[in-house]
Amino acid sequence: MAAGRVPHRTVKEELRANAMGRLRAGQPLFRGIVGYDDSVTPQIANALLSKHNFILLGLRGQAKTRLLRALTDLLDETIPVVPGCELHDDPLAPVCAACRARVAAEGDALPVAWLPRERRYVEKLATPDVTIADMIGDVDPIKAARSGLPLGDELTMHYGLLPRANRGIFAVNELPDLASKIQVGLFNILQEGDVQLRGYPVRLRLDVLLVFSANPEDYTARGKIITPLKDRIGSEIRTHYPRTRQDGMTITAQEAWVDRDGDHALRVVVPPYVREIVEAVAFAARADPKVDRRSGVSQRLPITTLENVVSNAERRALTHGEPLVVPRVSDVYASLPSLTGKIELEYEGELRGAEDVGRELVRSAIATVFDGYAARADTRPVITWFEGGGTIELTDSTGSTTLLQAVQGVDGLARAVAALDLNLKDGEPARASATDFVLEGLCALRKISRTEEGTLLATPSERKARDPRQERAAETLMDEDDEAPVKGKKKFYN
């Protein structure tokens, strides 16, 4: 029999052996997982080498599910199974009654099927309405009636997800959401290998690796892991967000849909400073007291933000007939709809509103990144030009040619852009993006201001110092009788 040439080993022995092979060869344990090389990945390796069931604890967007799914790469490419068996029984060591009967009757003539590793992973999102029948199984009275067997017979059982994961990996996401009685069922399988269905004892000697994920805050917010089950989970591993901006940028570049496809797709070039700013927004949100840290700021925030940034630049390029899509810093403000839905606010943040908080996070991120670049350039002539009364009308929809023409008269701007030593080989779109970076950076550092209509001009304090009468005329005045704003109202974003 073909299966006779395949050594019989349990799933945990298989995962241990394959993990040892990768470690011995100096290969990464998981492909596509960034930022966990010195923290989470070694702990998972230890759990696998110990043949432990384990749980990943971490906030949303920390690649917990991705890690669990990546475990399939450590399984053998294929394994021999009894054809038609719901439990994927090993022909050399069957556990279900039907397969044992087939092996006894057919012997070496028993046909063998081969199960690929992708079909050996079963995943279930825990919700309060999950039943023991969904997870473990139930007695099937129709099957019992047709076969003439008593209800307590193993052959009358309808198998749930866990038995169908036999000889594979069974993952439960958000374990605390699972009802306590279902967790007891899992505990019974872990400890004793049996379970009772409708009062009938059924022994299932399953060969399975049980892995779980959970948000630590869910222990009190929605439910908790029962103590007996928690006690029998071999390893508890904590995940985390990217610890460096570079790690975050690598993850975002890996996951974000930036290289657009299709018949009408344009070539996309994302400047490195735009990628840095998008990532810095996530880091700023995780440190901002107005954002709920217990909820976390998912890595999906910079991923969806970068996609929206590229889409805004793509829309602009299509509108103006430009052959190249080069996102600008101002496009990050246009991506606020993809940002505000990814953050949960504290009370102070709720008072200000998600859009205002999001706009401030973007401004802070731009200031952080531009401050690192600005050391190379002298921007004082640019600021002085605005303080002298210069203004520019720009929006995120302004075409590259129009933008470059509008800034031609700004003293020192071209020198400041050149001093940043950016890659401007992609023509006008790249030069327009770099110019926008300098202007938005000065706005973020509060050196110049931008009105609601998109006009760049000196900060209110500088204008007031220059001409108090002009400043008073530009301020918003309300008629005390009808409360109508006076013509010429300006709103400034710093």
# chains A, B, ... in the order shown; residues from 1 in each chain; ligands from 1
>>> closest_atom_pairs(of="stretch 24-93 of chain A", to="stretch 109-124 of chain A", cutoff="7 Å", atoms="only C-alpha atoms", output="Markdown table")
| residue | atom | partner | partner_atom | distance |
| --- | --- | --- | --- | --- |
| A:Thr72 | CA | A:Arg117 | CA | 6.2 |
| A:Leu75 | CA | A:Arg117 | CA | 6.1 |
| A:Asp76 | CA | A:Arg117 | CA | 6.4 |
| A:Glu77 | CA | A:Arg117 | CA | 5.3 |
| A:Thr78 | CA | A:Pro116 | CA | 4.4 |
| A:Ile79 | CA | A:Leu115 | CA | 5.3 |
| A:Pro80 | CA | A:Trp114 | CA | 4.7 |
| A:Val81 | CA | A:Ala113 | CA | 5.2 |
| A:Val82 | CA | A:Val112 | CA | 5.5 |
| A:Pro83 | CA | A:Ala113 | CA | 5.3 |
>>> closest_atom_pairs(of="stretch 317-358 of chain A", to="stretch 423-446 of chain A", cutoff="7 Å", atoms="only C-alpha atoms", output="JSON lines")
{"residue": "A:Leu324", "atom": "CA", "partner": "A:Pro429", "partner_atom": "CA", "distance": 7.0}
{"residue": "A:Val326", "atom": "CA", "partner": "A:Pro429", "partner_atom": "CA", "distance": 5.8}
{"residue": "A:Pro327", "atom": "CA", "partner": "A:Ser433", "partner_atom": "CA", "distance": 6.7}
{"residue": "A:Arg328", "atom": "CA", "partner": "A:Ser433", "partner_atom": "CA", "distance": 4.8}
{"residue": "A:Val329", "atom": "CA", "partner": "A:Phe437", "partner_atom": "CA", "distance": 5.6}
{"residue": "A:Ser330", "atom": "CA", "partner": "A:Glu440", "partner_atom": "CA", "distance": 6.9}
>>> residues_around(residues="A:Gly61", least_positions_apart="5", cutoff="10 Å", atoms="only C-alpha atoms", output="PyMOL selection string")
chain A and resi 66+239-241+296-301
>>> write_last_selection(atoms="N, CA and C atoms", output="compact mmCIF listing (two decimals), in the first residue's frame")
# COMPACT_ATOMS: atom_id res chain seq x y z
N ARG A 66 -3.12 35.90 10.25
CA ARG A 66 -2.13 35.60 9.21
C ARG A 66 -1.09 34.61 9.73
N THR A 239 1.38 39.35 20.71
CA THR A 239 1.78 40.02 19.48
C THR A 239 1.86 41.53 19.73
N HIS A 240 2.33 42.27 18.75
CA HIS A 240 2.49 43.71 18.92
C HIS A 240 2.47 44.39 17.55
N TYR A 241 2.35 45.72 17.57
CA TYR A 241 2.40 46.49 16.33
C TYR A 241 3.86 46.67 15.91
N GLY A 296 -6.71 49.86 20.16
CA GLY A 296 -5.60 49.70 19.23
C GLY A 296 -5.83 50.43 17.92
N VAL A 297 -4.76 50.62 17.17
CA VAL A 297 -4.83 51.21 15.84
C VAL A 297 -4.27 50.17 14.87
N SER A 298 -5.15 49.57 14.13
CA SER A 298 -4.79 48.45 13.26
C SER A 298 -3.78 48.86 12.19
N GLN A 299 -2.95 47.89 11.78
CA GLN A 299 -2.04 48.12 10.67
C GLN A 299 -2.80 48.31 9.37
N ARG A 300 -4.09 48.00 9.38
CA ARG A 300 -4.91 48.26 8.19
C ARG A 300 -5.07 49.75 7.95
N LEU A 301 -4.86 50.59 8.98
CA LEU A 301 -4.99 52.04 8.79
C LEU A 301 -4.00 52.56 7.75
>>> closest_residue(among="A:Glu314, A:Ala365, A:Thr127, A:Pro460", to="A:Arg260", atoms="only C-alpha atoms")
A:Glu314
>>> select_by_dssp(residues="stretch 163-389 of chain A", states="strand (DSSP E)", output="ChimeraX atom specification")
/A:168-173,194-197,200-203,208-214,235-238,267-268,324-325
>>> atom_distance(atom1="atom CA of A:Ala313", atom2="atom CA of A:Ala377")
25.9 Å
>>> atom_distance(atom1="atom CA of A:Ala334", atom2="atom CA of A:Gly454")
12.6 Å
>>> residues_around(residues="A:Ile189", least_positions_apart="6", cutoff="9 Å", atoms="only C-alpha atoms", output="PyMOL selection string")
chain A and resi 195+203-206
>>> select_by_dssp(residues="stretch 114-209 of chain A", states="alpha helix (DSSP H)", output="list in words")
Ile132, Ala133, Asp134, Met135, Pro141, Ile142, Lys143, Ala144, Ala145, Arg146, Ser147, Leu161, Leu162, Pro163, Arg164, Ser180, Lys181, Ile182, Gln183, Val184, Gly185, Leu186, Phe187, Asn188, Ile189, Leu190 and Gln191 of chain A
>>> atom_distance(atom1="atom CA of A:Asp38", atom2="atom CA of A:Ala70")
17.6 Å
>>> closest_atom_pairs(of="stretch 39-126 of chain A", to="stretch 27-35 of chain A", cutoff="8 Å", atoms="only C-alpha atoms", output="CSV")
residue,atom,partner,partner_atom,distance
A:Thr41,CA,A:Leu29,CA,7.4
A:Ala45,CA,A:Leu29,CA,7.7
A:Ala63,CA,A:Ile33,CA,8.0
A:Leu67,CA,A:Ile33,CA,7.6
A:Ala70,CA,A:Phe30,CA,6.3
A:Leu71,CA,A:Phe30,CA,7.7
A:Asp73,CA,A:Phe30,CA,7.8
>>> closest_residue(among="A:Val309, A:Leu15, A:Leu345, A:Val332", to="A:Asp292", atoms="only C-alpha atoms")
A:Leu345
>>> residues_around(residues="A:Val269", least_positions_apart="2", cutoff="7 Å", atoms="only C-alpha atoms", output="list in words")
Arg267, Pro271, Val325 and Val326 of chain A
>>> write_last_selection(atoms="C-alpha atoms", output="PDB file, in the first residue's frame")
ATOM      1  CA  ARG A 267       2.088  53.802 -13.865  1.00  0.00           C
ATOM      2  CA  PRO A 271       7.657  58.880  -3.248  1.00  0.00           C
ATOM      3  CA  VAL A 325       0.593  58.920 -10.984  1.00  0.00           C
ATOM      4  CA  VAL A 326       2.782  60.502  -8.305  1.00  0.00           C
TER       5      VAL A 326
END
